file final-v9.txt (compact mmCIF, C-alpha atoms)
# COMPACT_ATOMS: atom_id res chain seq x y z
CA MET A 1 -14.11 25.55 -5.08
CA GLU A 2 -13.33 21.99 -4.04
CA GLN A 3 -11.19 21.09 -1.06
CA THR A 4 -9.62 18.02 0.51
CA VAL A 5 -10.68 17.53 4.13
CA CYS A 6 -9.53 15.12 6.83
CA SER A 7 -9.85 17.09 10.06
CA ALA A 8 -12.66 18.68 12.09
CA ASP A 9 -10.76 21.96 12.37
CA LEU A 10 -10.63 22.30 8.60
CA LEU A 11 -14.37 21.61 8.33
CA ASP A 12 -15.05 24.43 10.79
CA ALA A 13 -12.77 26.86 8.98
CA LEU A 14 -14.14 26.00 5.54
CA ASP A 15 -17.74 26.34 6.64
CA GLN A 16 -17.10 29.73 8.24
CA GLU A 17 -15.26 31.09 5.21
CA SER A 18 -17.87 29.69 2.82
CA ARG A 19 -20.63 31.37 4.82
CA LYS A 20 -18.79 34.71 4.64
CA ARG A 21 -18.54 34.40 0.86
CA GLY A 22 -22.06 33.14 0.41
CA VAL A 23 -20.98 29.93 -1.31
CA THR A 24 -21.17 26.19 -0.81
CA THR A 25 -17.80 24.42 -0.88
CA ALA A 26 -17.56 20.87 -2.21
CA VAL A 27 -15.24 18.65 -0.17
CA HIS A 28 -13.41 15.41 -0.88
CA ILE A 29 -12.60 13.29 2.16
CA LYS A 30 -9.09 11.86 2.16
CA VAL A 31 -8.72 8.39 3.66
CA ASP A 32 -5.39 6.76 4.47
CA THR A 33 -5.42 3.21 3.11
CA GLY A 34 -1.67 2.72 3.52
CA MET A 35 0.26 5.78 2.37
CA GLY A 36 0.79 7.01 5.93
CA ARG A 37 0.70 10.63 4.83
CA ILE A 38 -2.55 12.54 5.38
CA GLY A 39 -6.05 11.16 5.67
CA LEU A 40 -8.54 9.61 8.04
CA ALA A 41 -8.33 6.04 9.23
CA PRO A 42 -10.95 4.00 7.35
CA GLY A 43 -12.83 3.35 10.59
CA ASP A 44 -13.39 7.09 11.13
CA VAL A 45 -14.81 7.89 7.72
CA VAL A 46 -18.50 7.11 8.32
CA GLU A 47 -18.71 9.41 11.36
CA PHE A 48 -16.72 12.12 9.59
CA SER A 49 -18.95 11.91 6.50
CA CYS A 50 -22.02 12.38 8.66
CA ARG A 51 -20.38 15.38 10.27
CA VAL A 52 -19.78 17.01 6.89
CA LYS A 53 -23.52 16.90 6.25
CA ASP A 54 -24.12 18.97 9.40
CA TYR A 55 -22.40 21.98 7.85
CA PRO A 56 -24.79 24.11 5.80
CA ASN A 57 -22.08 25.56 3.58
CA LEU A 58 -20.30 22.29 2.77
CA SER A 59 -21.28 19.49 0.42
CA LEU A 60 -19.77 16.02 0.31
CA LYS A 61 -18.57 15.46 -3.24
CA GLY A 62 -15.80 12.88 -3.09
CA LEU A 63 -13.81 10.27 -1.24
CA TYR A 64 -10.28 9.31 -2.20
CA SER A 65 -7.04 7.70 -1.19
CA HIS A 66 -3.57 7.38 -2.68
CA LEU A 67 -1.59 4.35 -3.85
CA SER A 68 1.88 4.21 -2.33
CA CYS A 69 3.42 1.21 -4.11
CA ALA A 70 1.66 0.89 -7.47
CA ASP A 71 4.88 1.71 -9.33
CA GLU A 72 6.84 -1.03 -7.53
CA GLU A 73 7.56 -4.47 -8.97
CA ASP A 74 5.66 -6.15 -6.15
CA LYS A 75 1.99 -5.21 -6.57
CA ALA A 76 0.68 -7.04 -3.48
CA PHE A 77 0.32 -4.00 -1.22
CA THR A 78 -1.48 -2.06 -3.93
CA ARG A 79 -4.11 -4.79 -4.11
CA ILE A 80 -4.49 -4.53 -0.33
CA GLN A 81 -5.06 -0.77 -0.61
CA ILE A 82 -7.66 -1.23 -3.34
CA ALA A 83 -9.44 -3.84 -1.24
CA ARG A 84 -9.47 -1.51 1.78
CA PHE A 85 -10.94 1.28 -0.32
CA GLN A 86 -13.60 -0.99 -1.82
CA GLU A 87 -14.52 -2.31 1.63
CA LEU A 88 -14.92 1.24 2.93
CA LEU A 89 -17.18 2.15 0.02
CA GLY A 90 -19.36 -0.81 0.91
CA VAL A 91 -19.56 0.31 4.54
CA LEU A 92 -20.53 3.85 3.47
CA ALA A 93 -23.22 2.52 1.12
CA GLY A 94 -24.58 0.37 3.93
CA ALA A 95 -24.79 3.47 6.11
CA GLY A 96 -26.77 5.26 3.43
CA ILE A 97 -23.97 7.69 2.63
CA SER A 98 -23.73 8.59 -1.06
CA ILE A 99 -20.34 9.56 -2.48
CA PRO A 100 -20.65 11.14 -5.96
CA LEU A 101 -16.95 10.86 -6.88
CA ARG A 102 -14.63 8.07 -5.75
CA HIS A 103 -11.00 8.15 -6.86
CA LEU A 104 -7.84 6.22 -6.13
CA ALA A 105 -5.64 5.66 -9.20
CA ASN A 106 -2.46 7.69 -9.75
CA SER A 107 -0.38 7.23 -12.92
CA ALA A 108 0.82 3.75 -11.95
CA GLY A 109 -2.73 2.85 -10.99
CA VAL A 110 -3.99 3.99 -14.38
CA LEU A 111 -1.42 1.82 -16.13
CA ASP A 112 -1.71 -1.36 -14.07
CA PHE A 113 -4.93 -1.38 -12.03
CA PRO A 114 -8.13 -0.67 -13.99
CA GLU A 115 -10.08 -1.90 -10.97
CA ALA A 116 -8.86 1.26 -9.20
CA TYR A 117 -10.38 3.67 -11.73
CA PHE A 118 -13.73 4.13 -9.94
CA ASP A 119 -15.25 7.48 -11.07
CA ILE A 120 -12.15 9.54 -11.92
CA VAL A 121 -8.38 9.03 -11.98
CA ARG A 122 -5.52 11.33 -10.99
CA PRO A 123 -2.58 10.97 -13.40
CA GLY A 124 0.54 12.87 -12.38
CA ILE A 125 3.78 11.96 -14.13
CA MET A 126 1.77 10.66 -17.10
CA ILE A 127 0.83 14.28 -17.87
CA TYR A 128 4.50 14.79 -18.77
CA GLY A 129 4.30 11.78 -21.08
CA LEU A 130 6.54 9.77 -18.75
CA TYR A 131 6.15 6.40 -17.03
CA PRO A 132 6.34 6.31 -13.22
CA SER A 133 9.01 3.60 -13.12
CA PRO A 134 10.43 0.65 -15.08
CA ASP A 135 8.06 -1.60 -13.12
CA VAL A 136 4.78 -0.50 -14.71
CA SER A 137 3.15 -1.69 -17.91
CA HIS A 138 2.96 0.40 -21.06
CA SER A 139 -0.77 -0.18 -21.38
CA VAL A 140 -1.05 3.47 -22.40
CA VAL A 141 1.44 4.70 -25.00
CA LEU A 142 3.14 7.85 -23.73
CA HIS A 143 5.32 10.39 -25.51
CA PRO A 144 7.53 12.76 -23.48
CA ALA A 145 5.99 16.21 -23.56
CA MET A 146 8.70 18.33 -21.92
CA SER A 147 12.14 19.47 -23.04
CA PHE A 148 14.64 21.61 -21.15
CA VAL A 149 16.53 23.81 -23.61
CA THR A 150 19.01 26.64 -23.29
CA ARG A 151 21.44 28.40 -25.69
CA ILE A 152 25.18 28.92 -25.92
CA CYS A 153 26.11 32.36 -24.58
CA GLN A 154 29.89 32.20 -25.13
CA LEU A 155 32.45 30.17 -27.09
CA LYS A 156 36.20 30.10 -26.60
CA GLU A 157 39.19 27.88 -27.31
CA VAL A 158 41.54 26.86 -24.52
CA SER A 159 44.80 24.94 -24.47
CA ALA A 160 45.73 21.79 -22.55
CA GLY A 161 46.01 22.25 -18.81
CA THR A 162 43.18 24.77 -18.52
CA PRO A 163 41.02 24.33 -15.39
CA ILE A 164 37.27 24.53 -15.91
CA GLY A 165 34.77 25.68 -13.28
CA TYR A 166 34.67 25.91 -9.50
CA GLY A 167 37.26 23.84 -7.71
CA ALA A 168 39.08 23.11 -10.98
CA THR A 169 37.56 19.63 -10.94
CA PHE A 170 38.15 19.31 -14.68
CA VAL A 171 41.37 20.20 -16.47
CA THR A 172 41.63 20.01 -20.25
CA THR A 173 44.10 17.55 -21.76
CA GLU A 174 43.70 18.22 -25.47
CA GLU A 175 45.92 20.67 -27.31
CA MET A 176 42.84 22.72 -28.13
CA THR A 177 39.37 22.41 -26.59
CA ARG A 178 36.39 24.49 -27.65
CA ILE A 179 34.41 25.46 -24.57
CA ALA A 180 30.77 26.55 -24.72
CA THR A 181 29.23 28.34 -21.75
CA ILE A 182 25.48 28.01 -21.21
CA PRO A 183 23.37 30.22 -18.90
CA VAL A 184 21.77 27.55 -16.74
CA GLY A 185 22.67 26.09 -13.38
CA TYR A 186 21.42 24.63 -10.14
CA ALA A 187 19.34 27.74 -9.40
CA ASP A 188 17.31 26.71 -12.45
CA GLY A 189 16.93 23.10 -11.32
CA TYR A 190 19.85 21.71 -13.32
CA ARG A 191 21.39 19.86 -10.42
CA ARG A 192 24.95 20.28 -9.18
CA LEU A 193 25.13 16.48 -8.88
CA LEU A 194 25.38 16.41 -12.69
CA SER A 195 28.85 17.97 -12.50
CA ASN A 196 31.38 16.13 -14.69
CA LYS A 197 28.73 13.47 -15.44
CA ALA A 198 26.01 14.75 -17.74
CA GLU A 199 25.91 15.01 -21.49
CA VAL A 200 23.81 17.45 -23.50
CA LEU A 201 22.78 17.70 -27.14
CA VAL A 202 24.21 20.29 -29.51
CA LYS A 203 22.99 20.09 -33.12
CA GLY A 204 22.05 16.47 -32.42
CA THR A 205 25.52 15.59 -31.08
CA ARG A 206 26.12 14.51 -27.50
CA VAL A 207 28.81 16.50 -25.74
CA PRO A 208 30.06 16.30 -22.15
CA LEU A 209 29.49 18.80 -19.38
CA LEU A 210 32.85 19.89 -17.98
CA GLY A 211 33.47 20.79 -14.37
CA ARG A 212 30.97 21.70 -11.71
CA VAL A 213 27.50 22.99 -12.40
CA ALA A 214 27.41 26.52 -11.00
CA MET A 215 24.41 28.51 -9.81
CA ASP A 216 23.79 30.12 -13.20
CA MET A 217 26.21 28.61 -15.71
CA CYS A 218 27.78 25.41 -17.02
CA MET A 219 30.56 24.64 -19.48
CA LEU A 220 30.57 22.09 -22.29
CA ASP A 221 33.18 20.55 -24.58
CA VAL A 222 31.85 21.27 -28.09
CA THR A 223 35.09 20.52 -29.94
CA SER A 224 33.42 17.67 -31.82
CA VAL A 225 30.54 19.80 -33.13
CA PRO A 226 31.21 21.53 -36.48
CA ASP A 227 29.92 25.04 -37.11
CA VAL A 228 28.84 25.54 -33.51
CA ARG A 229 27.86 29.15 -32.79
CA VAL A 230 26.76 31.42 -29.97
CA GLY A 231 22.98 31.18 -29.79
CA ASP A 232 22.78 27.50 -30.78
CA ASP A 233 20.20 25.48 -28.85
CA ILE A 234 21.40 23.12 -26.13
CA VAL A 235 19.05 20.29 -25.10
CA LEU A 236 19.54 19.43 -21.43
CA PHE A 237 16.84 16.78 -21.66
CA GLY A 238 14.25 16.09 -24.30
CA GLU A 239 14.14 14.30 -27.65
CA GLY A 240 17.29 12.20 -27.97
CA LEU A 241 18.25 12.68 -24.32
CA PRO A 242 15.63 11.14 -21.99
CA VAL A 243 14.95 12.72 -18.64
CA GLU A 244 15.38 9.25 -17.08
CA GLU A 245 19.07 9.45 -17.98
CA ILE A 246 19.42 12.67 -16.01
CA ALA A 247 17.49 11.19 -13.10
CA SER A 248 19.73 8.11 -13.04
CA LEU A 249 22.89 10.22 -12.92
CA ILE A 250 21.74 11.98 -9.77
CA GLY A 251 20.04 8.99 -8.14
CA THR A 252 16.46 10.18 -8.31
CA ILE A 253 13.25 9.75 -10.32
CA ASN A 254 12.08 11.47 -13.48
CA TYR A 255 9.28 13.21 -11.58
CA GLU A 256 11.74 15.09 -9.36
CA VAL A 257 13.70 16.29 -12.38
CA VAL A 258 10.76 17.67 -14.37
CA THR A 259 9.10 19.30 -11.37
CA GLY A 260 12.40 20.71 -10.12
CA ILE A 261 12.91 23.15 -12.99
CA GLY A 262 12.98 26.61 -11.41
CA LYS A 263 10.32 29.28 -11.85
CA ARG A 264 12.73 31.68 -13.52
CA VAL A 265 13.06 29.31 -16.50
CA PRO A 266 10.58 30.51 -19.18
CA ARG A 267 7.89 28.03 -20.19
CA VAL A 268 6.92 27.70 -23.86
CA TYR A 269 3.72 25.72 -24.47
CA VAL A 270 3.26 24.17 -27.90

call {"tool": "encode", "arguments": {"input": "final-v9.txt", "output": "structure tokens"}}
result
Amino acid sequence: MEQTVCSADLLDALDQESRKRGVTTAVHIKVDTGMGRIGLAPGDVVEFSCRVKDYPNLSLKGLYSHLSCADEEDKAFTRIQIARFQELLGVLAGAGISIPLRHLANSAGVLDFPEAYFDIVRPGIMIYGLYPSPDVSHSVVLHPAMSFVTRICQLKEVSAGTPIGYGATFVTTEEMTRIATIPVGYADGYRRLLSNKAEVLVKGTRVPLLGRVAMDMCMLDVTSVPDVRVGDDIVLFGEGLPVEEIASLIGTINYEVVTGIGKRVPRVYV
């Protein structure tokens, strides 16, 4: 087991539990170089590292920090964070403290800051084949690896003036509209903010989402799609419909969309 540590209480608890289990736990010290989240101040790391060595059931394996602005257009603060981390490594070396694994680069760091690679890197959004933002280089070619797909569960034709969905926020205007219902909603991570905004793909054709996204269902206008049938696949995002488009519609980032898909949605790994 390997564990992040940045407090004395956690060291005590880890050592006690490791002793009970008869194991040695490797720890990685987290240092805050500018994220302001968790981690030790750089000035406290030498003393803390020495303290780790006093625990018989703990071993110091790594030191790391996290880049907060590497995906921004302005890269100045990221260079400051890298410099702080490098300076700390020099201080530790001068104190005779050996750190086997040093790591700093997230996905944006991997793409734009090779000087932040050190011993290992920690890609996040890149694992999905997606770029962190429009403000990073494409030094690594990525291909989106995730699609969100459902199927039509009902088809019906309605006349003009038919309200669709909660609150009747959409009312049909055409003489005949073919409505497809799909069994997905905000309980699955398909956000309610997409109501009356999103498009989906049916047989390669973009069609609009009509009305509000409900907890478990949505409605689509599939009038323009020939030979549409119950059971046809619906691509909510994926090839031909980038997740960034969905993120833009709801004012967020691609990472929130892909990680927000609910646990009840089956995963198929290819």

call {"tool": "closest_residue", "arguments": {"input": "final-v9.txt", "among": "A:Asp221, A:Leu40, A:Tyr55, A:Leu209", "to": "A:Thr173", "atoms": "only C-alpha atoms"}}
result
A:Asp221

call {"tool": "atom_distance", "arguments": {"input": "final-v9.txt", "atom1": "atom CA of A:Ala247", "atom2": "atom CA of A:Lys263"}}
result
19.5 Å

call {"tool": "residues_near_point", "arguments": {"input": "final-v9.txt", "point": "(14.8, 28.1, -15.2)", "cutoff": "10 Å", "atoms": "all atoms listed in the file", "output": "number ranges by chain"}}
result
A: 148-150, 183-190, 216, 260-267

call {"tool": "residues_around", "arguments": {"input": "final-v9.txt", "residues": "A:Leu142", "least_positions_apart": "4", "cutoff": "8 Å", "atoms": "only C-alpha atoms", "output": "ChimeraX atom specification"}}
result
/A:126,129-131,138

call {"tool": "atom_distance", "arguments": {"input": "final-v9.txt", "atom1": "atom CA of A:Thr169", "atom2": "atom CA of A:Gly211"}}
result
5.5 Å

call {"tool": "atom_distance", "arguments": {"input": "final-v9.txt", "atom1": "atom CA of A:Gly109", "atom2": "atom CA of A:Val45"}}
result
22.8 Å

call {"tool": "closest_residue", "arguments": {"input": "final-v9.txt", "among": "A:Val235, A:Leu220, A:Arg229, A:Arg192", "to": "A:Gly204", "atoms": "all atoms listed in the file"}}
result
A:Val235

call {"tool": "closest_residue", "arguments": {"input": "final-v9.txt", "among": "A:Pro114, A:Gly231, A:Gly36, A:Pro56", "to": "A:Ile82", "atoms": "all atoms listed in the file"}}
result
A:Pro114

call {"tool": "closest_residue", "arguments": {"input": "final-v9.txt", "among": "A:Ala168, A:Ala83, A:Ile152, A:Ile29", "to": "A:Pro100", "atoms": "only C-alpha atoms"}}
result
A:Ile29

call {"tool": "closest_atom_pairs", "arguments": {"input": "final-v9.txt", "of": "stretch 53-105 of chain A", "to": "stretch 5-10 of chain A", "cutoff": "12 Å", "atoms": "all atoms listed in the file", "output": "tab-separated table"}}
result
residue	atom	partner	partner_atom	distance
A:Asp54	CA	A:Ala8	CA	11.8
A:Tyr55	CA	A:Ala8	CA	11.1
A:Leu58	CA	A:Val5	CA	10.8
A:Ser59	CA	A:Val5	CA	11.4
A:Leu60	CA	A:Val5	CA	10.0
A:Lys61	CA	A:Val5	CA	11.0
A:Gly62	CA	A:Val5	CA	10.0
A:Leu63	CA	A:Val5	CA	9.6
A:Tyr64	CA	A:Val5	CA	10.4
A:Ser65	CA	A:Cys6	CA	11.2

call {"tool": "write_last_selection", "arguments": {"input": "final-v9.txt", "atoms": "C-alpha atoms", "output": "CSV table (one decimal), in the coordinates of the input"}}
result
chain,number,residue,atom,x,y,z
A,54,ASP,CA,-24.1,19.0,9.4
A,55,TYR,CA,-22.4,22.0,7.8
A,58,LEU,CA,-20.3,22.3,2.8
A,59,SER,CA,-21.3,19.5,0.4
A,60,LEU,CA,-19.8,16.0,0.3
A,61,LYS,CA,-18.6,15.5,-3.2
A,62,GLY,CA,-15.8,12.9,-3.1
A,63,LEU,CA,-13.8,10.3,-1.2
A,64,TYR,CA,-10.3,9.3,-2.2
A,65,SER,CA,-7.0,7.7,-1.2

call {"tool": "axis_aligned_box", "arguments": {"input": "final-v9.txt", "around": "stretch 113-131 of chain A", "padding_each_side": "8 Å", "output": "JSON"}}
result
{"center_x": -4.4, "center_y": 6.4, "center_z": -15.1, "size_x": 37.8, "size_y": 32.7, "size_z": 27.9}

call {"tool": "residues_near_point", "arguments": {"input": "final-v9.txt", "point": "(2.5, 5.8, -23.4)", "cutoff": "12 Å", "atoms": "only C-alpha atoms", "output": "VMD selection string"}}
result
chain A and resid 107 to 108 110 to 111 125 to 132 136 to 145

call {"tool": "closest_atom_pairs", "arguments": {"input": "final-v9.txt", "of": "stretch 99-205 of chain A", "to": "stretch 84-89 of chain A", "cutoff": "12 Å", "atoms": "only C-alpha atoms", "output": "Markdown table"}}
result
| residue | atom | partner | partner_atom | distance |
| --- | --- | --- | --- | --- |
| A:Ile99 | CA | A:Leu89 | CA | 8.4 |
| A:Pro100 | CA | A:Leu89 | CA | 11.3 |
| A:Leu101 | CA | A:Leu89 | CA | 11.1 |
| A:Arg102 | CA | A:Leu89 | CA | 8.7 |
| A:His103 | CA | A:Phe85 | CA | 9.5 |
| A:Leu104 | CA | A:Phe85 | CA | 8.2 |
| A:Ala105 | CA | A:Phe85 | CA | 11.2 |
| A:Glu115 | CA | A:Gln86 | CA | 9.8 |
| A:Ala116 | CA | A:Gln86 | CA | 9.1 |
| A:Tyr117 | CA | A:Gln86 | CA | 11.4 |
| A:Phe118 | CA | A:Gln86 | CA | 9.6 |

call {"tool": "closest_residue", "arguments": {"input": "final-v9.txt", "among": "A:Val91, A:Val121, A:Ala26, A:Ala180", "to": "A:Pro42", "atoms": "only C-alpha atoms"}}
result
A:Val91

call {"tool": "closest_residue", "arguments": {"input": "final-v9.txt", "among": "A:Lys203, A:Val230, A:Glu244, A:Ile97", "to": "A:Gln154", "atoms": "all atoms listed in the file"}}
result
A:Val230

call {"tool": "build_atoms", "arguments": {"input": "final-v9.txt", "residues": "stretch 169-180 of chain A", "atoms": "N, CA, C and O atoms", "output": "PDB file, in the frame of the given file"}}
result
ATOM      1  N   THR A 169      37.756  21.077 -10.973  1.00  0.00           N
ATOM      2  CA  THR A 169      37.560  19.630 -10.940  1.00  0.00           C
ATOM      3  C   THR A 169      37.752  18.991 -12.313  1.00  0.00           C
ATOM      4  O   THR A 169      37.800  17.764 -12.419  1.00  0.00           O
ATOM      5  N   PHE A 170      37.819  19.804 -13.349  1.00  0.00           N
ATOM      6  CA  PHE A 170      38.150  19.310 -14.680  1.00  0.00           C
ATOM      7  C   PHE A 170      39.262  20.166 -15.243  1.00  0.00           C
ATOM      8  O   PHE A 170      39.235  21.396 -15.151  1.00  0.00           O
ATOM      9  N   VAL A 171      40.253  19.500 -15.823  1.00  0.00           N
ATOM     10  CA  VAL A 171      41.370  20.200 -16.470  1.00  0.00           C
ATOM     11  C   VAL A 171      41.516  19.620 -17.874  1.00  0.00           C
ATOM     12  O   VAL A 171      41.569  18.392 -18.051  1.00  0.00           O
ATOM     13  N   THR A 172      41.563  20.481 -18.865  1.00  0.00           N
ATOM     14  CA  THR A 172      41.630  20.010 -20.250  1.00  0.00           C
ATOM     15  C   THR A 172      42.956  19.304 -20.516  1.00  0.00           C
ATOM     16  O   THR A 172      43.997  19.651 -19.959  1.00  0.00           O
ATOM     17  N   THR A 173      42.896  18.308 -21.399  1.00  0.00           N
ATOM     18  CA  THR A 173      44.100  17.550 -21.760  1.00  0.00           C
ATOM     19  C   THR A 173      44.430  17.676 -23.246  1.00  0.00           C
ATOM     20  O   THR A 173      45.554  17.368 -23.642  1.00  0.00           O
ATOM     21  N   GLU A 174      43.461  18.095 -24.039  1.00  0.00           N
ATOM     22  CA  GLU A 174      43.700  18.220 -25.470  1.00  0.00           C
ATOM     23  C   GLU A 174      44.444  19.509 -25.786  1.00  0.00           C
ATOM     24  O   GLU A 174      44.364  20.493 -25.047  1.00  0.00           O
ATOM     25  N   GLU A 175      45.151  19.487 -26.911  1.00  0.00           N
ATOM     26  CA  GLU A 175      45.920  20.670 -27.310  1.00  0.00           C
ATOM     27  C   GLU A 175      45.008  21.886 -27.488  1.00  0.00           C
ATOM     28  O   GLU A 175      45.365  23.018 -27.160  1.00  0.00           O
ATOM     29  N   MET A 176      43.803  21.636 -27.985  1.00  0.00           N
ATOM     30  CA  MET A 176      42.840  22.720 -28.130  1.00  0.00           C
ATOM     31  C   MET A 176      41.449  22.170 -27.837  1.00  0.00           C
ATOM     32  O   MET A 176      41.047  21.165 -28.406  1.00  0.00           O
ATOM     33  N   THR A 177      40.733  22.801 -26.926  1.00  0.00           N
ATOM     34  CA  THR A 177      39.370  22.410 -26.590  1.00  0.00           C
ATOM     35  C   THR A 177      38.463  23.618 -26.773  1.00  0.00           C
ATOM     36  O   THR A 177      38.766  24.704 -26.271  1.00  0.00           O
ATOM     37  N   ARG A 178      37.352  23.400 -27.476  1.00  0.00           N
ATOM     38  CA  ARG A 178      36.390  24.490 -27.650  1.00  0.00           C
ATOM     39  C   ARG A 178      35.352  24.387 -26.532  1.00  0.00           C
ATOM     40  O   ARG A 178      34.647  23.391 -26.417  1.00  0.00           O
ATOM     41  N   ILE A 179      35.284  25.422 -25.737  1.00  0.00           N
ATOM     42  CA  ILE A 179      34.410  25.460 -24.570  1.00  0.00           C
ATOM     43  C   ILE A 179      33.191  26.327 -24.881  1.00  0.00           C
ATOM     44  O   ILE A 179      33.323  27.477 -25.329  1.00  0.00           O
ATOM     45  N   ALA A 180      32.012  25.784 -24.620  1.00  0.00           N
ATOM     46  CA  ALA A 180      30.770  26.550 -24.720  1.00  0.00           C
ATOM     47  C   ALA A 180      30.235  26.777 -23.314  1.00  0.00           C
ATOM     48  O   ALA A 180      30.163  25.845 -22.506  1.00  0.00           O
TER      49      ALA A 180
END
